[in-house]
file protein.txt (compact mmCIF, C-alpha atoms and all ligand atoms)
# COMPACT_ATOMS: atom_id res chain seq x y z
CA MET A 1 7.55 20.66 -3.37
CA SER A 2 9.44 17.88 -5.12
CA VAL A 3 7.72 14.56 -5.55
CA GLY A 4 9.62 11.45 -6.64
CA LEU A 5 8.32 8.72 -8.92
CA VAL A 6 9.71 5.20 -9.03
CA TYR A 7 8.89 3.43 -12.27
CA ALA A 8 10.86 1.30 -14.71
CA PRO A 9 10.19 -1.30 -17.43
CA VAL A 10 11.80 -3.97 -15.23
CA TYR A 11 8.44 -4.19 -13.42
CA LEU A 12 6.80 -5.48 -16.59
CA GLY A 13 9.22 -8.42 -16.58
CA HIS A 14 7.03 -10.10 -13.97
CA ASP A 15 4.96 -11.54 -16.83
CA THR A 16 1.71 -12.95 -15.50
CA GLY A 17 -0.16 -13.15 -18.80
CA ASP A 18 -3.90 -12.84 -18.29
CA HIS A 19 -3.67 -12.85 -14.49
CA VAL A 20 -5.61 -9.98 -12.94
CA GLU A 21 -2.33 -8.64 -11.51
CA ASN A 22 -0.49 -7.92 -14.77
CA GLY A 23 1.83 -5.38 -16.34
CA ARG A 24 -0.95 -3.48 -18.09
CA ARG A 25 -1.81 -2.04 -14.67
CA LEU A 26 1.47 -0.12 -14.63
CA GLU A 27 1.54 0.65 -18.35
CA ARG A 28 -1.93 2.22 -18.33
CA THR A 29 -1.15 4.22 -15.21
CA ALA A 30 2.20 5.46 -16.54
CA GLU A 31 0.54 6.42 -19.85
CA LEU A 32 -2.05 8.53 -18.03
CA LEU A 33 0.63 10.25 -15.94
CA SER A 34 2.47 11.13 -19.16
CA SER A 35 -0.55 12.21 -21.22
CA SER A 36 -1.83 14.43 -18.41
CA ASN A 37 1.58 16.13 -18.11
CA LEU A 38 2.04 15.02 -14.52
CA ARG A 39 5.04 12.85 -15.26
CA ARG A 40 7.33 15.74 -16.14
CA GLN A 41 6.51 17.43 -12.83
CA LEU A 42 7.90 14.43 -10.95
CA VAL A 43 11.50 13.64 -10.05
CA SER A 44 12.42 10.25 -11.50
CA ILE A 45 13.94 7.92 -8.95
CA ALA A 46 15.77 5.11 -10.73
CA PRO A 47 15.07 1.87 -8.92
CA GLU A 48 17.87 -0.40 -7.87
CA PRO A 49 17.68 -4.03 -6.80
CA ALA A 50 17.26 -4.59 -3.08
CA ALA A 51 20.44 -5.90 -1.50
CA MET A 52 20.24 -9.44 -0.15
CA ASP A 53 20.89 -8.03 3.34
CA ASP A 54 17.78 -5.87 3.00
CA LEU A 55 15.58 -8.75 1.80
CA LEU A 56 16.81 -10.74 4.79
CA ARG A 57 15.62 -8.01 7.17
CA VAL A 58 12.10 -9.31 6.45
CA HIS A 59 12.25 -12.67 4.66
CA SER A 60 13.81 -16.04 5.35
CA ALA A 61 16.71 -17.12 3.15
CA GLN A 62 14.62 -20.13 2.10
CA HIS A 63 11.79 -17.93 0.84
CA ILE A 64 14.14 -15.68 -1.15
CA ALA A 65 15.85 -18.71 -2.69
CA ARG A 66 12.49 -20.30 -3.57
CA VAL A 67 11.33 -17.21 -5.48
CA ASP A 68 14.69 -16.94 -7.26
CA ARG A 69 14.66 -20.63 -8.19
CA SER A 70 11.04 -20.56 -9.37
CA ALA A 71 11.79 -17.68 -11.74
CA SER A 72 15.11 -19.00 -12.97
CA GLU A 73 13.55 -22.37 -13.74
CA GLY A 74 11.06 -20.64 -16.06
CA GLY A 75 8.34 -19.66 -13.61
CA GLY A 76 5.39 -21.38 -12.03
CA TRP A 77 2.84 -21.16 -9.25
CA LEU A 78 3.99 -20.47 -5.67
CA ASP A 79 0.49 -20.72 -4.28
CA GLY A 80 -3.01 -20.93 -5.74
CA ASP A 81 -2.99 -17.37 -7.06
CA THR A 82 0.66 -16.27 -7.00
CA MET A 83 2.87 -16.99 -10.00
CA THR A 84 6.33 -16.25 -11.31
CA SER A 85 7.80 -15.87 -14.79
CA PRO A 86 11.48 -15.81 -15.77
CA GLY A 87 11.68 -12.05 -15.01
CA SER A 88 9.84 -12.17 -11.70
CA TYR A 89 12.76 -12.35 -9.29
CA GLU A 90 14.41 -9.34 -10.89
CA ALA A 91 11.12 -7.38 -10.91
CA ALA A 92 10.51 -8.27 -7.27
CA ILE A 93 13.94 -7.20 -6.02
CA TYR A 94 13.66 -3.97 -8.03
CA ALA A 95 10.20 -3.35 -6.53
CA ALA A 96 11.54 -3.73 -2.99
CA GLY A 97 14.74 -1.84 -3.81
CA GLY A 98 12.94 0.96 -5.65
CA LEU A 99 10.61 1.61 -2.74
CA ALA A 100 13.44 1.45 -0.20
CA ARG A 101 15.42 3.93 -2.30
CA ALA A 102 12.43 6.30 -2.51
CA ALA A 103 12.02 6.13 1.27
CA GLY A 104 15.75 6.82 1.68
CA GLU A 105 15.56 9.88 -0.57
CA VAL A 106 12.59 11.16 1.42
CA VAL A 107 14.44 10.59 4.71
CA ASN A 108 17.51 12.39 3.34
CA GLY A 109 15.41 15.29 2.07
CA GLU A 110 16.27 14.80 -1.61
CA VAL A 111 12.55 14.75 -2.40
CA GLU A 112 9.72 15.65 -0.07
CA SER A 113 7.47 12.72 -0.93
CA ALA A 114 7.28 9.93 -3.50
CA PHE A 115 5.06 7.44 -5.27
CA ALA A 116 6.48 4.01 -6.10
CA LEU A 117 4.64 2.63 -9.14
CA VAL A 118 5.94 -0.90 -8.67
CA ARG A 119 4.88 -4.51 -9.00
CA PRO A 120 4.64 -7.27 -7.95
CA PRO A 121 2.76 -5.94 -4.92
CA GLY A 122 3.93 -6.89 -1.44
CA HIS A 123 1.61 -6.66 1.55
CA HIS A 124 0.49 -10.31 1.61
CA ALA A 125 4.04 -11.71 1.49
CA THR A 126 5.02 -13.10 4.88
CA ARG A 127 8.48 -13.78 6.24
CA THR A 128 8.42 -17.27 4.79
CA ASP A 129 5.88 -17.32 1.96
CA ALA A 130 4.62 -15.68 -1.21
CA MET A 131 0.86 -15.30 -1.36
CA GLY A 132 -1.92 -13.13 -2.76
CA PHE A 133 0.03 -12.02 -5.89
CA CYS A 134 2.93 -10.88 -3.63
CA LEU A 135 6.51 -12.18 -3.71
CA PHE A 136 8.49 -9.88 -1.38
CA ASN A 137 6.93 -7.43 1.08
CA ASN A 138 8.08 -4.14 -0.41
CA VAL A 139 6.68 -1.86 2.29
CA ALA A 140 7.92 -4.05 5.12
CA ILE A 141 11.43 -4.08 3.65
CA ALA A 142 11.39 -0.29 3.23
CA ALA A 143 10.22 0.14 6.81
CA ARG A 144 12.93 -2.16 8.19
CA VAL A 145 15.58 -0.36 6.12
CA ALA A 146 14.32 2.97 7.45
CA VAL A 147 14.68 1.72 11.02
CA GLN A 148 17.82 -0.40 10.78
CA LYS A 149 19.83 1.58 8.20
CA HIS A 150 18.56 5.14 8.51
CA GLY A 151 18.12 4.96 12.28
CA LEU A 152 14.46 5.95 12.48
CA GLU A 153 12.63 4.88 15.62
CA ARG A 154 9.02 5.24 14.49
CA VAL A 155 7.65 4.31 11.06
CA LEU A 156 3.93 4.49 10.33
CA ILE A 157 2.47 2.18 7.69
CA VAL A 158 -1.06 2.97 6.53
CA ASP A 159 -2.57 0.26 4.32
CA PHE A 160 -5.76 1.19 2.44
CA ASP A 161 -5.67 -1.71 -0.02
CA VAL A 162 -9.06 -3.41 0.17
CA HIS A 163 -7.41 -6.58 1.47
CA HIS A 164 -5.81 -6.89 4.88
CA GLY A 165 -2.01 -6.81 4.69
CA ASN A 166 -1.49 -9.99 6.64
CA GLY A 167 2.18 -10.18 5.67
CA THR A 168 2.99 -6.70 6.91
CA GLN A 169 1.06 -7.29 10.12
CA ASP A 170 2.95 -10.55 10.71
CA VAL A 171 6.37 -9.02 10.15
CA PHE A 172 5.83 -6.20 12.66
CA TYR A 173 3.46 -7.89 15.12
CA GLY A 174 6.02 -7.73 17.94
CA ASP A 175 7.88 -4.62 16.75
CA GLU A 176 7.48 -1.30 18.61
CA HIS A 177 9.19 0.69 15.84
CA VAL A 178 6.38 0.25 13.34
CA LEU A 179 2.72 1.20 13.74
CA TYR A 180 0.66 -0.73 11.19
CA ILE A 181 -2.84 0.57 10.47
CA SER A 182 -5.02 -1.22 7.91
CA ALA A 183 -8.48 -0.33 6.62
CA HIS A 184 -9.85 -3.24 4.63
CA GLN A 185 -13.01 -5.07 3.65
CA TYR A 186 -13.90 -7.76 6.16
CA PRO A 187 -14.68 -10.51 5.59
CA LEU A 188 -12.52 -10.91 2.51
CA TYR A 189 -9.23 -12.54 1.51
CA PRO A 190 -6.98 -13.31 3.37
CA GLY A 191 -9.34 -13.56 6.37
CA THR A 192 -7.14 -11.76 8.90
CA GLY A 193 -7.40 -8.19 10.19
CA ARG A 194 -9.88 -8.39 13.04
CA VAL A 195 -10.05 -5.57 15.60
CA GLU A 196 -8.71 -7.94 18.25
CA GLU A 197 -5.42 -8.41 16.38
CA THR A 198 -3.44 -5.65 18.10
CA GLY A 199 0.18 -6.84 18.27
CA MET A 200 2.13 -8.67 20.94
CA GLY A 201 5.01 -8.11 23.32
CA ALA A 202 6.82 -4.85 22.56
CA GLY A 203 4.54 -4.44 19.55
CA LEU A 204 1.33 -4.57 21.56
CA ASP A 205 -1.10 -1.87 20.40
CA HIS A 206 1.10 -1.23 17.33
CA THR A 207 -1.31 -3.05 15.01
CA VAL A 208 -4.59 -1.24 14.38
CA ASN A 209 -7.16 -3.00 12.22
CA ILE A 210 -10.22 -1.33 10.74
CA PRO A 211 -12.29 -4.19 9.27
CA LEU A 212 -14.91 -2.34 7.25
CA PRO A 213 -18.12 -4.09 6.20
CA PRO A 214 -18.81 -4.77 2.51
CA TRP A 215 -20.37 -1.85 0.59
CA SER A 216 -18.44 0.77 2.51
CA GLY A 217 -17.55 3.79 0.36
CA ASP A 218 -15.95 7.22 0.55
CA ARG A 219 -17.99 8.27 3.59
CA GLU A 220 -17.05 5.20 5.65
CA TYR A 221 -13.36 5.30 4.68
CA LEU A 222 -13.11 9.00 5.52
CA LEU A 223 -14.81 8.48 8.90
CA ALA A 224 -12.33 5.69 9.62
CA PHE A 225 -9.41 7.89 8.62
CA GLU A 226 -10.60 10.87 10.68
CA GLN A 227 -11.57 8.90 13.77
CA ILE A 228 -8.91 6.16 13.86
CA VAL A 229 -5.97 6.76 11.52
CA VAL A 230 -5.42 10.42 12.42
CA PRO A 231 -5.51 10.09 16.24
CA ALA A 232 -3.47 6.86 16.21
CA ALA A 233 -0.82 8.52 14.03
CA ARG A 234 -0.70 11.62 16.23
CA ARG A 235 -0.18 9.49 19.31
CA PHE A 236 2.63 7.51 17.61
CA GLN A 237 4.48 10.57 16.21
CA PRO A 238 6.00 8.84 13.15
CA GLN A 239 9.19 10.04 11.48
CA ILE A 240 7.99 8.86 8.07
CA VAL A 241 4.70 7.56 6.67
CA LEU A 242 4.69 4.63 4.25
CA VAL A 243 1.42 3.89 2.49
CA SER A 244 0.38 0.50 1.13
CA ALA A 245 -1.69 2.10 -1.59
CA GLY A 246 -4.01 -0.43 -3.13
CA TYR A 247 -6.87 0.91 -5.22
CA ASP A 248 -9.01 -2.22 -5.27
CA ALA A 249 -11.73 -0.72 -3.03
CA HIS A 250 -12.85 1.33 -6.03
CA TRP A 251 -16.49 0.61 -6.86
CA ALA A 252 -15.60 -0.50 -10.39
CA ASP A 253 -13.04 -3.03 -9.18
CA ASN A 254 -14.60 -6.50 -9.25
CA ILE A 255 -12.26 -7.95 -6.64
CA SER A 256 -14.19 -6.36 -3.76
CA SER A 257 -17.64 -5.01 -2.86
CA MET A 258 -16.41 -1.60 -1.75
CA GLN A 259 -17.68 1.64 -3.28
CA VAL A 260 -14.78 4.08 -3.12
CA THR A 261 -14.40 6.70 -5.88
CA VAL A 262 -11.38 8.44 -7.37
CA GLY A 263 -12.36 11.50 -5.34
CA GLY A 264 -12.44 9.35 -2.20
CA TYR A 265 -8.88 8.22 -2.83
CA ALA A 266 -7.85 11.84 -3.33
CA ARG A 267 -9.36 12.75 0.04
CA MET A 268 -7.64 9.84 1.78
CA ALA A 269 -4.33 10.92 0.26
CA THR A 270 -4.99 14.49 1.39
CA ILE A 271 -5.56 13.38 4.98
CA LEU A 272 -2.34 11.35 4.92
CA LYS A 273 -0.34 14.16 3.36
CA HIS A 274 -1.59 16.61 5.99
CA LEU A 275 -0.66 14.12 8.71
CA ALA A 276 2.86 13.81 7.29
CA THR A 277 3.19 17.58 7.09
CA GLU A 278 2.03 17.95 10.68
CA LEU A 279 4.07 15.10 12.15
CA CYS A 280 7.18 14.42 10.05
CA GLN A 281 8.19 17.27 7.72
CA GLY A 282 5.92 15.95 4.99
CA ARG A 283 7.83 12.67 4.63
CA ILE A 284 5.42 10.26 2.93
CA VAL A 285 5.92 7.50 0.37
CA PHE A 286 3.07 5.72 -1.40
CA ALA A 287 3.73 2.22 -2.73
CA LEU A 288 1.34 0.58 -5.15
CA GLU A 289 -0.30 -2.61 -3.91
CA GLY A 290 -3.54 -3.78 -5.59
CA GLY A 291 -6.03 -2.18 -7.96
CA TYR A 292 -7.30 -4.23 -10.89
CA HIS A 293 -9.74 -2.06 -12.83
CA LEU A 294 -7.27 -0.41 -15.19
CA GLN A 295 -9.06 2.91 -15.62
CA ALA A 296 -9.99 3.23 -11.94
CA LEU A 297 -6.42 2.38 -10.96
CA ALA A 298 -4.81 4.87 -13.34
CA HIS A 299 -7.07 7.73 -12.35
CA SER A 300 -6.79 6.98 -8.63
CA VAL A 301 -2.98 6.93 -8.79
CA LYS A 302 -3.09 10.16 -10.78
CA ALA A 303 -5.30 11.78 -8.13
CA THR A 304 -2.92 10.63 -5.39
CA ILE A 305 0.04 12.18 -7.19
CA GLU A 306 -1.92 15.40 -7.74
CA VAL A 307 -2.40 15.57 -3.97
CA LEU A 308 1.32 15.10 -3.40
CA LEU A 309 2.09 17.86 -5.92
CA GLY A 310 -0.40 20.21 -4.25
CA LEU A 311 -2.63 20.36 -7.35
CA PRO A 312 -6.43 20.14 -7.50
CA ALA A 313 -6.95 16.38 -7.25
CA GLY A 314 -9.45 13.86 -8.50
CA LYS A 315 -11.34 16.30 -10.73
CA ASP A 316 -10.77 14.14 -13.77
CA ASP A 317 -12.86 11.06 -12.94
CA PRO A 318 -14.38 9.36 -15.98
CA LEU A 319 -15.98 6.71 -13.75
CA GLY A 320 -17.85 9.00 -11.40
CA PRO A 321 -19.87 7.81 -8.40
CA PRO A 322 -20.97 4.21 -7.86
CA PRO A 323 -24.16 3.40 -9.82
CA HIS A 324 -25.69 1.11 -7.22
CA SER A 325 -24.83 2.85 -3.99
CA ASP A 326 -27.60 2.03 -1.57
CA GLY A 327 -26.71 4.61 1.02
CA LYS A 328 -24.88 4.56 4.29
CA VAL A 329 -23.29 1.65 6.04
CA ASP A 330 -23.45 2.17 9.79
CA ILE A 331 -19.89 1.82 11.04
CA ALA A 332 -20.27 3.91 14.21
CA PRO A 333 -20.34 0.82 16.51
CA LEU A 334 -17.25 -0.58 14.76
CA LEU A 335 -15.32 2.67 15.15
CA GLN A 336 -16.32 2.82 18.83
CA ARG A 337 -15.03 -0.69 19.35
CA ILE A 338 -11.70 0.14 17.69
CA LYS A 339 -11.33 3.31 19.77
CA ALA A 340 -12.07 1.38 22.94
CA THR A 341 -9.59 -1.36 21.99
CA HIS A 342 -6.77 1.12 21.40
CA GLY A 343 -7.68 3.84 23.92
CA LEU A 344 -8.19 6.43 21.20
ZN ZN B 401 -5.77 -5.89 -2.52

call {"tool": "encode", "arguments": {"input": "protein.txt", "output": "structure tokens", "more": "lines below"}}
Ligand SMILES: [Zn+2]
result
Amino acid sequence: MSVGLVYAPVYLGHDTGDHVENGRRLERTAELLSSSNLRRQLVSIAPEPAAMDDLLRVHSAQHIARVDRSASEGGGWLDGDTMTSPGSYEAAIYAAGGLARAAGEVVNGEVESAFALVRPPGHHATRTDAMGFCLFNNVAIAARVAVQKHGLERVLIVDFDVHHGNGTQDVFYGDEHVLYISAHQYPLYPGTGRVEETGMGAGLDHTVNIPLPPWSGDREYLLAFEQIVVPAARRFQPQIVLVSAGYDAHWADNISSMQVTVGGYARMATILKHLATELCQGRIVFALEGGYHLQALAHSVKATIEVLLGLPAGKDDPLGPPPHSDGKVDIAPLLQRIKATHGL
């Protein structure tokens, strides 16, 4: 099975200095993929810049121009935690374009699946605004391109970043072509992602939120995947699965309280890969979102790619289980409420 990898130095040109979302995230991950001999088993997909027409499928012209201007004027802050540098516009259009190209190659059968190791991340970017370290919404753009250019009718987005992907939800809130499912810590930034947010109009019931309580770990995420993600995906019958793959629910990542391990990410990836095999000829593309503990991020991405390659996954985990896990979090009532809300 051929697995594509999108990665290029252009993504390091979004120079955020000591910001938690920085280029060392990609460098460390790429180094581990190379040193563990995984990189040569992957098909390199050279990213290209997203066409303006494709950016406009999701974002307002004013937003695109604002990001371009901010970068070309030397960089600055677009909101309290989202910055640009002179290379940020180019990195951002290559992130969106690289992911869209990977999805296109998967749709055309050139590779079976792919991982897009890109930055800046995307899932907080709304139609009109940058926020939460995100400039353009990479996954949303890839999904729109898949529908509007490649003619797909049903695209599934699964978002396991620890934060709710408010931008992606917003873009597709009234859109019946995209099923958006997010498992995230709640409460946490950005504050959205309640069970009751289910879509509107033609998109009603096409937004599924799984707001997990703090301290959830592998067990809770896997229950949520088995009981919500899998049946919702089967009902939707997607033609491709796009994954907003953030690894910031890892127990070592200080940005959240979650307790996921590298092995937990491998099992989530396995469930998603099996779903894609069952429902859409294995078409699945992972796109990097968050993940700020460098070692946890690198090993979790590596485990995800091992799953895609059909190799034993997540065995190499220098971080191990969470040191302060205080047992189970009872999410049964939450899962019941989500099932009732969506008729699952
Ligand atoms: Zn995140």

call {"tool": "atom_distance", "arguments": {"input": "protein.txt", "atom1": "atom CA of A:Val243", "atom2": "atom CA of A:Trp77"}}
result
27.7 Å

call {"tool": "residues_near_ligand", "arguments": {"input": "protein.txt", "ligand": "ligand ZN 401 (chain B)", "cutoff": "6 Å", "atoms": "only C-alpha atoms and all ligand atoms", "output": "VMD selection string"}}
result
chain A and resid 161 to 163 246 248 290

call {"tool": "closest_residue", "arguments": {"input": "protein.txt", "among": "A:Met1, A:Leu152, A:Ile338, A:Leu222", "to": "A:Gly263", "atoms": "only C-alpha atoms"}}
result
A:Leu222

call {"tool": "closest_residue", "arguments": {"input": "protein.txt", "among": "A:Leu309, A:Ala143, A:Gly17, A:Phe225", "to": "A:Leu5", "atoms": "only C-alpha atoms"}}
result
A:Leu309

call {"tool": "closest_residue", "arguments": {"input": "protein.txt", "among": "A:Pro9, A:Ser256, A:His324, A:Ile331", "to": "A:Pro211", "atoms": "all atoms listed in the file"}}
result
A:Ile331

call {"tool": "residues_around", "arguments": {"input": "protein.txt", "residues": "A:Val285", "least_positions_apart": "3", "cutoff": "6 Å", "atoms": "only C-alpha atoms", "output": "CSV table (one decimal) with C-alpha atoms, keeping the file's coordinate frame"}}
result
chain,number,residue,atom,x,y,z
A,113,SER,CA,7.5,12.7,-0.9
A,114,ALA,CA,7.3,9.9,-3.5
A,115,PHE,CA,5.1,7.4,-5.3
A,242,LEU,CA,4.7,4.6,4.2

call {"tool": "atom_distance", "arguments": {"input": "protein.txt", "atom1": "atom CA of A:Gly203", "atom2": "atom CA of A:Phe172"}}
result
7.2 Å

call {"tool": "residues_near_point", "arguments": {"input": "protein.txt", "point": "(21.2, 1.1, 7.8)", "cutoff": "12 Å", "atoms": "all atoms listed in the file", "output": "list in words"}}
result
Ala51, Asp53, Asp54, Arg57, Ala100, Arg101, Gly104, Ile141, Ala142, Ala143, Arg144, Val145, Ala146, Val147, Gln148, Lys149, His150, Gly151 and Leu152 of chain A

call {"tool": "residues_around", "arguments": {"input": "protein.txt", "residues": "A:Leu334", "least_positions_apart": "2", "cutoff": "9 Å", "atoms": "all atoms listed in the file", "output": "list in words"}}
result
Val195, Ile210, Pro211, Leu212, Asp330, Ile331, Ala332, Gln336, Arg337, Ile338 and Lys339 of chain A

call {"tool": "residues_around", "arguments": {"input": "protein.txt", "residues": "A:Cys134", "least_positions_apart": "6", "cutoff": "12 Å", "atoms": "all atoms listed in the file", "output": "number ranges by chain"}}
result
A: 14, 21, 67, 77-84, 88-89, 91-93, 95-96, 118-128, 165-168, 288-290

call {"tool": "residues_around", "arguments": {"input": "protein.txt", "residues": "A:Glu176", "least_positions_apart": "2", "cutoff": "12 Å", "atoms": "only C-alpha atoms", "output": "PyMOL selection string"}}
result
chain A and resi 144+147+152-156+171-174+178-180+198-207+236+238

call {"tool": "atom_distance", "arguments": {"input": "protein.txt", "atom1": "atom CA of A:Glu112", "atom2": "atom CA of A:Ala50"}}
result
21.8 Å

call {"tool": "closest_residue", "arguments": {"input": "protein.txt", "among": "A:Ala245, A:Val111, A:Ala71, A:Ile240", "to": "A:Thr16", "atoms": "all atoms listed in the file"}}
result
A:Ala71

call {"tool": "closest_residue", "arguments": {"input": "protein.txt", "among": "A:Gly193, A:Ile157, A:Val260, A:Asp317", "to": "A:Ala276", "atoms": "all atoms listed in the file"}}
result
A:Ile157

call {"tool": "closest_residue", "arguments": {"input": "protein.txt", "among": "A:Thr270, A:Glu220, A:Leu135, A:Ser244", "to": "A:His164", "atoms": "all atoms listed in the file"}}
result
A:Ser244

call {"tool": "residues_around", "arguments": {"input": "protein.txt", "residues": "stretch 24-36 of chain A", "least_positions_apart": "4", "cutoff": "8 Å", "atoms": "all atoms listed in the file", "output": "list in words"}}
result
Leu12, Arg40, Leu117, Val118, Arg119, Gly291, Tyr292, Leu294, Gln295, Leu297, Ala298, His299, Val301 and Lys302 of chain A

call {"tool": "residues_near_point", "arguments": {"input": "protein.txt", "point": "(-5.3, 20.4, -7.9)", "cutoff": "12 Å", "atoms": "all atoms listed in the file", "output": "list in words"}}
result
Leu38, Gly263, Ala266, Arg267, Thr270, Lys302, Ala303, Thr304, Ile305, Glu306, Val307, Leu308, Leu309, Gly310, Leu311, Pro312, Ala313, Gly314, Lys315 and Asp316 of chain A

call {"tool": "axis_aligned_box", "arguments": {"input": "protein.txt", "around": "stretch 32-39 of chain A", "padding_each_side": "6 Å", "output": "lines of an AutoDock Vina configuration file"}}
result
center_x = 1.5
center_y = 12.3
center_z = -17.9
size_x = 19.1
size_y = 19.6
size_z = 18.7
